[in-house]
Every structure is written in C-alpha cells, then in structure tokens.
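K.L.:
upload35.txt is reproduced below (compact mmCIF, C-alpha atoms).
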```txt
# COMPACT_ATOMS: atom_id res chain seq x y z
CA MET A 1 -4.56 -57.86 -22.40
CA SER A 2 -2.54 -60.56 -20.70
CA SER A 3 -4.47 -62.39 -17.96
CA GLU A 4 -1.46 -63.70 -16.05
CA PHE A 5 1.45 -62.20 -14.20
CA SER A 6 4.87 -62.40 -15.73
CA LYS A 7 6.89 -65.14 -14.07
CA ILE A 8 10.48 -64.70 -12.95
CA LYS A 9 12.59 -67.76 -12.29
CA GLU A 10 16.14 -68.97 -12.26
CA SER A 11 17.30 -71.95 -14.33
CA LEU A 12 20.03 -74.51 -14.19
CA ALA A 13 21.74 -74.89 -17.57
CA SER A 14 25.02 -75.54 -19.25
CA TRP A 15 27.28 -72.71 -20.34
CA SER A 16 26.14 -73.02 -23.93
CA GLU A 17 22.48 -72.42 -23.00
CA ILE A 18 23.05 -69.39 -20.74
CA ARG A 19 22.83 -66.80 -23.51
CA GLN A 20 19.55 -68.17 -24.89
CA LEU A 21 17.93 -68.38 -21.44
CA LEU A 22 18.93 -64.84 -20.42
CA ARG A 23 17.75 -63.30 -23.70
CA GLY A 24 14.69 -65.42 -24.51
CA GLY A 25 13.54 -66.89 -21.24
CA GLU A 26 12.16 -70.37 -20.75
CA SER A 27 8.57 -71.40 -21.57
CA GLY A 28 7.35 -67.78 -21.53
CA GLN A 29 9.00 -67.09 -18.19
CA LEU A 30 11.68 -64.49 -17.49
CA VAL A 31 15.09 -65.86 -16.55
CA PRO A 32 17.37 -63.09 -15.22
CA VAL A 33 19.57 -65.57 -13.32
CA VAL A 34 21.09 -68.80 -14.64
CA ILE A 35 22.97 -71.27 -12.47
CA PRO A 36 25.64 -72.81 -14.72
CA LYS A 37 26.44 -76.47 -14.52
CA ASP A 38 29.97 -77.05 -13.36
CA ARG A 39 31.61 -78.87 -16.24
CA ARG A 40 34.82 -79.32 -14.37
CA GLY A 41 35.61 -82.60 -12.59
CA PHE A 42 38.43 -84.84 -11.55
CA ALA A 43 38.46 -87.03 -14.67
CA TRP A 44 41.70 -85.39 -15.73
CA LEU A 45 43.35 -86.93 -12.67
CA THR A 46 42.87 -90.35 -14.31
CA LEU A 47 45.13 -89.27 -17.11
CA VAL A 48 47.62 -87.94 -14.55
CA PHE A 49 47.60 -91.26 -12.72
CA LEU A 50 47.92 -93.06 -16.07
CA ALA A 51 50.90 -90.89 -16.96
CA LEU A 52 52.53 -91.68 -13.61
CA TYR A 53 51.90 -95.39 -14.11
CA LEU A 54 53.37 -95.30 -17.63
CA ALA A 55 56.33 -93.32 -16.36
CA GLY A 56 56.95 -95.92 -13.66
CA THR A 57 56.61 -98.71 -16.17
CA ALA A 58 59.10 -96.98 -18.46
CA LEU A 59 61.55 -96.69 -15.60
CA LEU A 60 61.17 -100.30 -14.54
CA SER A 61 61.13 -101.90 -17.98
CA GLY A 62 63.63 -101.58 -20.74
CA GLY A 63 63.87 -101.69 -24.51
CA VAL A 64 61.18 -100.58 -26.90
CA PHE A 65 58.41 -101.11 -24.38
CA SER A 66 60.05 -98.59 -22.06
CA GLY A 67 60.11 -95.96 -24.81
CA LEU A 68 56.47 -96.57 -25.67
CA ALA A 69 55.53 -96.30 -21.99
CA ALA A 70 57.45 -93.03 -21.64
CA LEU A 71 55.77 -91.65 -24.75
CA GLY A 72 52.36 -92.71 -23.43
CA ALA A 73 53.10 -91.06 -20.10
CA VAL A 74 54.02 -87.77 -21.80
CA LEU A 75 50.94 -87.85 -24.02
CA SER A 76 48.69 -88.65 -21.06
CA LEU A 77 50.17 -85.78 -19.07
CA VAL A 78 49.76 -83.36 -21.99
CA VAL A 79 46.16 -84.41 -22.55
CA ALA A 80 45.46 -84.03 -18.82
CA LEU A 81 46.92 -80.52 -18.81
CA VAL A 82 44.98 -79.52 -21.94
CA TRP A 83 41.82 -80.97 -20.40
CA LEU A 84 42.42 -78.99 -17.20
CA TRP A 85 43.09 -75.81 -19.18
CA ARG A 86 39.91 -76.18 -21.25
CA ARG A 87 37.76 -76.89 -18.18
CA ALA A 88 39.24 -73.90 -16.33
CA ILE A 89 38.09 -71.40 -19.00
CA ILE A 90 34.98 -69.37 -17.95
CA GLU A 91 33.42 -67.00 -20.51
CA ILE A 92 31.00 -64.39 -19.19
CA GLU A 93 28.67 -62.91 -21.85
CA GLU A 94 28.54 -59.16 -22.48
CA GLY A 95 25.85 -57.54 -20.35
CA THR A 96 25.99 -60.23 -17.66
CA THR A 97 27.89 -60.64 -14.43
CA GLY A 98 29.13 -63.85 -12.85
CA VAL A 99 28.85 -64.42 -9.10
CA ARG A 100 32.04 -66.15 -7.92
CA SER A 101 32.13 -68.38 -4.86
CA ARG A 102 34.77 -70.33 -3.04
CA TRP A 103 33.88 -73.28 -0.88
CA GLY A 104 30.23 -72.14 -1.21
CA ALA A 105 30.84 -68.55 0.02
CA ILE A 106 30.38 -65.64 -2.42
CA VAL A 107 33.67 -63.82 -2.76
CA GLY A 108 33.05 -61.46 -5.66
CA THR A 109 31.86 -61.01 -9.22
CA LEU A 110 33.30 -61.72 -12.65
CA PRO A 111 32.90 -59.02 -15.34
CA PRO A 112 32.18 -59.95 -18.99
CA GLY A 113 35.05 -61.70 -20.73
CA ARG A 114 37.23 -64.79 -20.34
CA HIS A 115 38.37 -65.93 -16.93
CA TYR A 116 40.30 -68.94 -15.59
CA LEU A 117 39.25 -70.88 -12.52
CA TRP A 118 42.01 -73.43 -11.91
CA LEU A 119 40.97 -74.62 -8.52
CA PRO A 120 38.01 -77.00 -8.42
CA TRP A 121 36.54 -75.33 -5.33
CA ASP A 122 36.57 -71.98 -7.17
CA ARG A 123 33.34 -71.78 -9.18
CA VAL A 124 30.61 -69.55 -10.64
CA ASP A 125 27.39 -69.89 -8.67
CA ALA A 126 25.21 -67.78 -11.00
CA VAL A 127 25.28 -65.65 -14.12
CA VAL A 128 23.06 -62.55 -13.70
CA ASP A 129 21.76 -60.27 -16.47
CA THR A 130 22.72 -56.78 -15.26
CA SER A 131 22.34 -54.73 -18.44
CA THR A 132 18.92 -55.66 -19.79
CA GLU A 133 15.80 -53.85 -18.62
CA ILE A 134 13.54 -56.78 -17.85
CA PRO A 135 9.84 -56.19 -18.67
CA TYR A 136 7.26 -57.28 -16.13
CA SER A 137 3.50 -57.31 -16.67
CA ALA A 138 1.05 -57.51 -13.76
CA PRO A 139 -2.71 -57.62 -14.48
CA ILE A 140 -4.44 -56.82 -11.18
CA VAL A 141 -8.07 -57.97 -10.96
CA ALA A 142 -10.90 -56.70 -8.72
CA CYS A 143 -9.28 -53.43 -7.73
CA PRO A 144 -11.79 -51.34 -5.75
CA THR A 145 -12.13 -47.65 -6.53
CA ALA A 146 -12.92 -44.79 -4.16
CA GLU A 147 -16.63 -45.78 -4.31
CA ASN A 148 -15.67 -49.42 -3.55
CA VAL A 149 -16.57 -50.48 -7.11
CA PRO A 150 -14.25 -53.34 -8.13
CA LEU A 151 -12.63 -52.73 -11.47
CA LYS A 152 -12.46 -55.72 -13.76
CA SER A 153 -8.69 -55.45 -14.12
CA ILE A 154 -5.79 -53.00 -14.24
CA GLU A 155 -2.72 -53.93 -16.18
CA PHE A 156 0.49 -52.60 -14.71
CA PHE A 157 3.71 -52.73 -16.71
CA LEU A 158 7.17 -52.02 -15.37
CA LYS A 159 10.80 -52.49 -16.28
CA PHE A 160 13.52 -53.33 -13.80
CA ARG A 161 17.23 -53.94 -13.92
CA ILE A 162 19.48 -55.83 -11.53
CA ILE A 163 22.21 -53.43 -10.47
CA ASP A 164 23.75 -55.52 -7.66
CA PRO A 165 23.93 -59.18 -8.65
CA VAL A 166 25.53 -60.27 -5.37
CA ALA A 167 22.74 -58.72 -3.28
CA PHE A 168 20.12 -60.15 -5.61
CA VAL A 169 21.47 -63.71 -5.53
CA ARG A 170 22.43 -63.70 -1.85
CA THR A 171 19.33 -61.92 -0.48
CA ILE A 172 16.32 -63.12 -2.41
CA GLY A 173 16.92 -65.04 -5.63
CA ALA A 174 14.78 -64.96 -8.78
CA GLY A 175 11.94 -67.21 -7.54
CA ASN A 176 11.35 -65.33 -4.31
CA PHE A 177 11.77 -61.99 -6.08
CA ASP A 178 8.83 -62.91 -8.32
CA LEU A 179 6.58 -63.28 -5.26
CA VAL A 180 7.85 -60.08 -3.64
CA LEU A 181 7.51 -58.06 -6.84
CA SER A 182 3.97 -59.26 -7.59
CA SER A 183 2.89 -58.48 -4.01
CA ALA A 184 4.44 -54.99 -4.09
CA VAL A 185 2.87 -54.22 -7.46
CA GLN A 186 -0.58 -55.35 -6.28
CA ASP A 187 -0.35 -53.18 -3.15
CA ALA A 188 0.73 -50.13 -5.17
CA ILE A 189 -2.02 -50.59 -7.78
CA ARG A 190 -4.74 -51.09 -5.18
CA GLN A 191 -3.61 -47.98 -3.31
CA ARG A 192 -3.74 -45.98 -6.52
CA SER A 193 -7.17 -47.32 -7.53
CA ARG A 194 -8.52 -46.35 -4.09
CA LEU A 195 -7.71 -42.72 -4.91
CA VAL A 196 -9.63 -42.73 -8.22
CA HIS A 197 -13.37 -42.35 -8.72
CA THR A 198 -15.00 -44.99 -10.90
CA GLU A 199 -16.13 -42.54 -13.55
CA ARG A 200 -12.53 -41.40 -13.98
CA ALA A 201 -10.98 -44.87 -13.91
CA TYR A 202 -9.97 -44.63 -17.56
CA ASP A 203 -7.76 -41.71 -16.57
CA LEU A 204 -5.39 -44.26 -15.07
CA ARG A 205 -4.38 -45.32 -18.57
CA GLY A 206 -1.16 -43.56 -19.41
CA SER A 207 -1.28 -41.56 -16.18
CA ASP A 208 1.81 -40.45 -14.30
CA VAL A 209 2.96 -43.28 -12.01
CA GLY A 210 6.23 -41.70 -10.94
CA ASP A 211 5.24 -41.96 -7.26
CA MET A 212 4.50 -45.67 -7.65
CA GLN A 213 7.84 -46.15 -9.39
CA GLU A 214 9.67 -44.42 -6.54
CA LEU A 215 7.76 -46.50 -3.98
CA LEU A 216 8.66 -49.78 -5.70
CA THR A 217 12.28 -48.66 -6.10
CA ARG A 218 12.50 -48.00 -2.33
CA GLN A 219 10.89 -51.36 -1.52
CA LEU A 220 13.03 -53.41 -3.92
CA GLY A 221 16.26 -51.44 -3.67
CA ARG A 222 17.59 -53.60 -0.85
CA TYR A 223 17.49 -56.58 -3.24
CA GLY A 224 19.83 -54.86 -5.70
CA VAL A 225 17.01 -54.02 -8.14
CA ARG A 226 16.07 -50.65 -9.62
CA ILE A 227 12.75 -49.88 -11.35
CA THR A 228 13.57 -48.03 -14.59
CA GLY A 229 10.07 -47.44 -15.92
CA ALA A 230 6.39 -48.04 -15.18
CA ASN A 231 3.00 -47.28 -16.66
CA ILE A 232 -0.62 -48.44 -16.74
CA PRO A 233 -1.38 -49.45 -20.35
CA ASP A 234 -4.98 -50.59 -19.88
CA VAL A 235 -7.92 -50.47 -17.48
CA GLN A 236 -11.10 -52.56 -17.76
CA LEU A 237 -14.29 -51.52 -15.99
CA PRO A 238 -17.08 -53.88 -14.83
CA ASP A 239 -19.49 -54.96 -17.60
CA GLN A 240 -22.49 -53.06 -16.18
CA TYR A 241 -20.45 -49.97 -15.66
CA GLN A 242 -19.06 -50.31 -19.18
CA GLN A 243 -22.62 -50.32 -20.51
CA HIS A 244 -23.40 -47.30 -18.39
CA LEU A 245 -20.22 -45.67 -19.59
CA ALA A 246 -21.08 -46.56 -23.20
CA THR A 247 -24.41 -44.79 -22.70
CA ARG A 248 -22.60 -41.82 -21.26
CA GLU A 249 -20.17 -41.86 -24.16
CA LYS A 250 -23.10 -41.99 -26.58
CA VAL A 251 -24.69 -39.04 -24.83
CA ALA A 252 -21.31 -37.30 -24.78
CA LYS A 253 -20.92 -37.93 -28.53
CA GLU A 254 -24.41 -36.58 -29.17
CA LEU A 255 -23.60 -33.63 -26.97
CA SER A 256 -20.35 -33.14 -28.86
CA ALA A 257 -22.21 -33.33 -32.19
CA PHE A 258 -24.78 -30.84 -30.90
CA GLU A 259 -21.97 -28.60 -29.67
CA ARG A 260 -20.29 -28.79 -33.08
CA GLU A 261 -23.60 -28.03 -34.79
CA TRP A 262 -24.21 -25.19 -32.38
CA GLU A 263 -20.66 -23.97 -32.99
CA LEU A 264 -21.30 -23.96 -36.74
CA THR A 265 -24.60 -22.16 -36.22
CA ARG A 266 -22.93 -19.70 -33.91
CA LYS A 267 -20.17 -19.11 -36.43
CA ARG A 268 -22.74 -18.53 -39.18
CA ARG A 269 -24.62 -16.12 -36.99
CA ILE A 270 -21.42 -14.42 -36.02
CA ASP A 271 -20.44 -14.14 -39.70
CA THR A 272 -23.89 -12.71 -40.48
CA LEU A 273 -23.59 -10.27 -37.62
CA LEU A 274 -20.11 -9.32 -38.74
CA MET A 275 -21.43 -8.69 -42.27
CA GLU A 276 -24.24 -6.59 -40.82
CA ILE A 277 -21.71 -4.76 -38.68
CA GLU A 278 -19.53 -4.09 -41.73
CA ARG A 279 -22.57 -2.92 -43.68
CA SER A 280 -23.57 -0.70 -40.77
CA LYS A 281 -20.02 0.61 -40.60
CA LYS A 282 -20.11 1.49 -44.28
CA THR A 283 -23.50 3.17 -43.84
CA ARG A 284 -22.16 4.95 -40.78
CA ASP A 285 -19.09 6.08 -42.68
CA ALA A 286 -21.27 7.40 -45.52
CA ARG A 287 -23.46 9.23 -43.03
CA ILE A 288 -20.41 10.55 -41.28
CA VAL A 289 -19.19 11.91 -44.61
CA GLU A 290 -22.61 13.49 -45.20
CA VAL A 291 -22.65 14.91 -41.68
CA ARG A 292 -19.15 16.28 -42.13
CA ALA A 293 -20.17 17.85 -45.43
CA ALA A 294 -23.27 19.33 -43.78
CA ALA A 295 -21.11 20.49 -40.88
CA ASN A 296 -18.69 22.15 -43.30
CA THR A 297 -21.61 23.82 -45.10
CA ALA A 298 -23.06 24.92 -41.76
CA ARG A 299 -19.65 26.23 -40.74
CA LYS A 300 -19.51 28.24 -43.97
CA ASP A 301 -23.06 29.56 -43.44
CA VAL A 302 -22.30 30.39 -39.84
CA ALA A 303 -19.05 32.06 -40.86
CA ARG A 304 -20.89 34.10 -43.52
CA MET A 305 -23.64 34.97 -41.04
CA LEU A 306 -21.06 35.95 -38.47
CA GLU A 307 -19.34 38.14 -41.04
CA GLU A 308 -22.71 39.75 -41.90
CA HIS A 309 -23.52 40.24 -38.22
CA GLU A 310 -20.07 41.62 -37.58
CA THR A 311 -20.50 43.99 -40.53
CA GLU A 312 -23.95 45.05 -39.26
CA ALA A 313 -22.59 45.42 -35.75
CA GLN A 314 -19.71 47.48 -37.10
CA ARG A 315 -22.16 49.68 -39.01
CA VAL A 316 -24.40 50.07 -35.96
CA ARG A 317 -21.35 50.81 -33.84
CA TRP A 318 -20.22 53.40 -36.31
CA GLU A 319 -23.74 54.95 -36.40
CA ILE A 320 -23.89 54.97 -32.62
CA GLU A 321 -20.44 56.48 -32.45
CA ALA A 322 -21.37 59.10 -35.06
CA LYS A 323 -24.63 59.91 -33.26
CA GLY A 324 -22.82 60.03 -29.97
CA ARG A 325 -20.19 62.30 -31.43
CA ALA A 326 -22.94 64.59 -32.82
CA GLN A 327 -24.79 64.61 -29.49
CA LEU A 328 -21.52 65.21 -27.71
CA THR A 329 -20.71 68.07 -30.05
CA SER A 330 -24.23 69.51 -29.55
CA ALA A 331 -23.94 69.14 -25.80
CA GLU A 332 -20.54 70.74 -25.88
CA ASN A 333 -21.94 73.62 -27.96
CA GLU A 334 -24.92 73.95 -25.65
CA ALA A 335 -22.60 73.91 -22.67
CA LYS A 336 -20.49 76.55 -24.32
CA GLY A 337 -23.65 78.66 -24.96
CA LEU A 338 -24.79 78.17 -21.37
CA ARG A 339 -21.32 79.03 -20.18
CA ARG A 340 -21.39 82.20 -22.32
CA LEU A 341 -24.93 82.94 -21.14
CA ALA A 342 -23.78 82.52 -17.59
CA ASP A 343 -20.94 84.84 -18.27
CA ALA A 344 -23.45 87.32 -19.73
CA TYR A 345 -25.75 86.88 -16.73
CA ARG A 346 -22.79 87.42 -14.44
CA ASP A 347 -21.82 90.51 -16.37
CA ASN A 348 -25.38 91.90 -16.28
CA ARG A 349 -25.96 91.04 -12.63
CA ALA A 350 -25.92 94.60 -11.50
CA VAL A 351 -28.39 95.55 -14.20
CA LEU A 352 -30.62 92.70 -13.17
CA GLN A 353 -30.41 93.72 -9.52
CA TYR A 354 -31.29 97.26 -10.47
CA GLU A 355 -34.18 96.13 -12.60
CA LEU A 356 -35.36 93.89 -9.78
CA ALA A 357 -35.20 96.73 -7.27
CA ARG A 358 -37.11 98.99 -9.63
CA ARG A 359 -39.74 96.33 -10.18
CA ARG A 360 -40.03 95.86 -6.43
CA LEU A 361 -40.64 99.61 -6.08
CA ASP A 362 -43.26 99.53 -8.81
CA VAL A 363 -45.04 96.61 -7.20
CA GLY A 364 -44.90 98.33 -3.80
CA ALA A 365 -46.35 101.51 -5.26
CA LYS A 366 -49.20 99.58 -6.85
CA LEU A 367 -49.86 97.76 -3.69
CA ALA A 368 -49.80 100.99 -1.76
CA GLU A 369 -52.32 102.54 -4.11
CA ASN A 370 -54.73 99.70 -3.80
CA ALA A 371 -54.25 99.13 -0.10
CA PRO A 372 -57.24 100.05 2.22
CA ARG A 373 -56.96 103.10 4.50
CA PRO A 374 -58.15 103.24 8.05
CA VAL A 375 -61.23 105.32 8.92
CA VAL A 376 -61.41 106.77 12.42
CA VAL A 377 -64.95 107.30 13.69
CA ARG A 378 -65.23 109.18 16.92
CA THR A 379 -68.43 108.76 18.84
CA ASP A 380 -69.57 109.95 22.20
CA GLY A 381 -70.50 107.16 24.45
CA ALA A 382 -72.89 109.26 26.62
CA GLY A 383 -75.79 109.45 24.25
CA GLY A 384 -77.11 106.17 23.16
CA GLU A 385 -79.36 107.40 20.42
CA SER A 386 -76.63 109.45 18.69
CA SER A 387 -74.35 106.42 18.63
CA VAL A 388 -76.87 104.26 16.85
CA LEU A 389 -77.51 107.00 14.30
CA SER A 390 -73.85 107.48 13.63
CA THR A 391 -73.32 103.82 13.20
CA MET A 392 -76.09 103.60 10.58
CA LEU A 393 -74.68 106.57 8.69
CA LEU A 394 -71.22 105.06 8.79
CA ALA A 395 -72.52 101.79 7.37
CA GLN A 396 -73.93 103.66 4.44
CA ILE A 397 -70.81 105.71 3.85
CA LEU A 398 -68.25 102.96 4.12
CA PRO A 399 -69.08 101.28 0.83
CA GLN A 400 -68.65 104.52 -0.93
CA LEU A 401 -65.37 105.03 0.70
CA GLY A 402 -64.24 101.64 -0.46
CA SER A 403 -65.15 102.39 -4.04
CA GLY A 404 -63.37 105.66 -4.05
CA ASN A 405 -59.84 104.05 -4.53
CA GLY A 406 -59.02 104.56 -0.99
CA GLN A 407 -59.05 108.37 -1.14
CA VAL A 408 -60.93 109.95 1.74
CA THR A 409 -61.53 113.54 1.41
CA ARG A 410 -62.63 114.14 4.88
CA ALA A 411 -63.10 112.51 8.14
CA VAL A 412 -66.44 112.19 9.81
CA GLU A 413 -66.34 112.93 13.45
CA PRO A 414 -69.74 112.58 14.93
CA ASN A 415 -70.48 114.50 18.03
```
Could you rewrite the structure in this file as structure tokens?
P.N.:
Amino acid sequence: MSSEFSKIKESLASWSEIRQLLRGGESGQLVPVVIPKDRRGFAWLTLVFLALYLAGTALLSGGVFSGLAALGAVLSLVVALVWLWRRAIIEIEEGTTGVRSRWGAIVGTLPPGRHYLWLPWDRVDAVVDTSTEIPYSAPIVACPTAENVPLKSIEFFLKFRIIDPVAFVRTIGAGNFDLVLSSAVQDAIRQRSRLVHTERAYDLRGSDVGDMQELLTRQLGRYGVRITGANIPDVQLPDQYQQHLATREKVAKELSAFEREWELTRKRRIDTLLMEIERSKKTRDARIVEVRAAANTARKDVARMLEEHETEAQRVRWEIEAKGRAQLTSAENEAKGLRRLADAYRDNRAVLQYELARRRLDVGAKLAENAPRPVVVRTDGAGGESSVLSTMLLAQILPQLGSGNGQVTRAVEPN
C-alpha cells in the first residue's frame, strides 16, 4: 500500500510538453493544470522595421541597389507576417480546455482545436484536463475507531474530474486544491472510522462510501470539481490487534473446520436416519398390506357371520311368527268356543235359574229338617219343690229330644 498522499500540482511548460504532463504527470505527481509558456513576442517587429528601412532605402536610392532593397523589404515583411501567423496559432489538445485571458483577466475558455490569438495581450493562462478522471490516493494513518483504538492506516482512493476549469483556476488552483482535498479526505475517513468498531474494521474494505463521495462532492463542488468514484481498498490494523485477530481467525478457522466436520457427521446421520425411515416405511407398507389383507379376511368372516346370524334370525323370526300364528289361532278358537259357550249359557239361563231355585228349595228343606225346634216348658212359680223337680226331669228329657231328629211327640206341661 502506498505510504504517501498523491500530490497535485500545476506546471509551467512549453506547448509541446503539455500533452505529456497532463497524461503522465511530473515526477510521480498529478498535473491537471499546465501553464503554457507564451512563445509569442515582439521579435517580428524587428523584421517589420527592417522592411520599412529597406523600403525607405529603395525609395531614396536608385539603380540595382534600390531593387535589392525593395526585394529585401518585401521578403522581410513576408517573413514577419509568417512569423506572426505561426506564433498566433494555439492548439488545444482533445480532452482539455484552455483558459483565455486578456490583460490578465479571464474572459472565457477555448475548446479543443486550433485557435488564433493575434493580439499579444490575448493569451492562454492555463490548459486544464477536463475529460480525464484523475486518480487520487490518500493513506490515512492513526485513525481512531469507536473504541478509540488507532488503526495503523486506511487507504482511501477516489477519482475526480474538473468540470469547470475557470472556477478551478480562478478559485483555488492545483497546488491549493491538493491541500484542500487531502484535508477533506482525512476528515471524511476519520469520521467514518469513528463509526466502526475495531473488530469490524476490515469491513471498511470495499464498503459503500457513497455518503462520503456525496460529502466530498458538496465540499469541492464550488471549486469546479466533481468526485466520480471512491472506495477504501485496504485497511491495516495495529500489530497487536492483528495478532489478536490472527488468533481469532485461527479459532474461527478451527470452528469452521469443526462446523464442516459436524455438518458431514450430521449429513451422514441424516442419511442413516433417512435410510432407516425408508426401511421403516417399507416395513410399514408391508404391514399395512398384511393388515389390509387381514381386514379383508375379517370383513369376509364378519359378512359370513352376519349372513349366518341373519339366516338364524330369519329362522327364529319365522318360528316365532309360526308359533304366534298357532297361538293366535288357538286363542281365536278358544275365544270362539267361549263365545259359543256364552251363547249356550245365555240360552240356558232360564234352565239354570230354575235349577238354582230348585236347589235352593232342596237346601231349605234339608235345613228345615235338621233345624232345632223350640220346647215350651210351663212351670208354676208358686211351689218351689215342684219347679226343681221339673227342671231335673227336663234336663234328662232334652237330650233325647235332640236325638229324635227334632220330632216331639208331645209337650210336657208340668203342673
């Protein structure tokens, strides 16, 4: 990495050296502006004065010498005019712009091509490269990070182009622009490094620096310069931190190797598990086939059993229906017999009533025959002894009377 800032300067050179200085620089320094040496002068006036002198001599003298003087005057005047014409030609290279001044004041620019400046006070103050994107490298040392750890260096690279040569030459110039640009770049880099933690300093390499580019464009825009590109190609950490970071990288590499090994192991285990899963799926499918076959067999057995049970139930139903029909027929016959018997009983009701009345009479006659009869014993209450005697006699007679079927032949009337 370069250890020095790029240097921007302006050079004083002849017209023949302008192209080489603008394209290749001078001693490793960038030369976007070249001040051309004015090759015009007043030496051609000597030839004009010589022509006037020879013309006067030709007029004052005569003969051959007068003709030679006139010829010399014409030749001197022609050479003076050719000299003036050649010195008035200004050629601006493609991709550059000439800054034109008159009496020291900038009056405009000259585009690429051939131009003629006849007047001696009309001149080109500077030739500015306005098409090339000029590279600029700025290695910034001791940039502190967010933890105030100074980084060893940060290399910042940008490209700029001069878009307004008049503003650039009139306002700042190449030498002063070098100081302004280096200061602006250092401020921008240090502000960016303050936002980054030390452990992530390497993230600055190749990071997006669009905000820094816009900031520099705003700062340098008033000088007629536009930043066309910027990046951070390299970052160097302090030596101790680099050792620490190397240790971390070693640990990270070991961790990465372990992760790769673990990934391989995991993949092998996953493959093994997938094989086991496939084997289990095949076993499951075979068992499912067996279960389906057993289910079909069971369905057939159940269907056959259901048919048998339905047949048995149909037979039992038919038996029950037949038995019920027989019992119903018997009950109907019995009901018919009872109905006929009832009709017979109804028809023989009078006979039954007569028979019942006759039986009642027979029962009453039997009861009347066996019923006890009253015995009337008349006694005289005046004689006490006769009453006792009659009572004793009556007690003896009464059992006989009871055994005589209730027939009393005579009545005893004691006196």
K.L.:
What's the separation between CA of Asp38 in chain A and CA of Val166 in chain A, in Å to one decimal place?
P.N.:
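Atom-to-atom, CA of Asp38 in chain A to CA of Val166 in chain A, that is 19.1 Å.
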K.L.:
Within 12 Å of Gly113 in chain A, counting only C-alpha atoms, which residues qualify if same-chain residues fewer than 2 places away don't, as a list in words?
P.N.:
Ile89, Ile90, Glu91, Ile92, Glu93, Glu94, Gly95, Thr96, Thr97, Gly98, Thr109, Leu110, Pro111, His115 and Tyr116 of chain A
K.L.:
I'd like to know which of A:Arg192, A:Arg161, A:His197, A:Lys267 is closest to Glu147 in chain A, using only C-alpha atoms.
P.N.:
A:His197
K.L.:
Using all atoms listed in the file, can you tell me which of A:Ala70, A:Val149, A:Ser16, A:Glu199 comes closest to Glu249 in chain A?
P.N.:
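Looking only at the distances to Glu249 in chain A, the closest residue turns out to be A:Glu199.
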K.L.:
Quote the spacing between CA of Ile35 in chain A and CA of Leu12 in chain A in Å to one decimal place.
P.N.:
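These atoms are spaced 4.7 Å apart.
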K.L.:
Quote the spacing between CA of Val128 in chain A and CA of Leu181 in chain A in Å to one decimal place.
P.N.:
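CA of Leu181 in chain A lies at a distance of 17.6 Å from CA of Val128 in chain A.
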K.L.:
Using all atoms listed in the file for the distances, tell me which of A:Leu158, A:Leu71, A:Val180, A:Ile270 is nearest to Asn231 in chain A.
P.N.:
A:Leu158
K.L.:
List as number ranges by chain the protein and nucleic acid residues near Ala55 in chain A, meaning an atom at most 12 Å away when all atoms listed in the file are counted, but skip any in the same chain fewer than 2 places from it.
P.N.:
A: 47-53, 57-62, 65-77
K.L.:
Compare A:Tyr345, A:Trp118, A:Trp103, A:Phe258 by their minimum atom-to-atom distance to Trp85 in chain A, counting all atoms listed in the file, and give me the closest one.
P.N.:
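Selected residue with least distance to Trp85 in chain A: A:Trp118.
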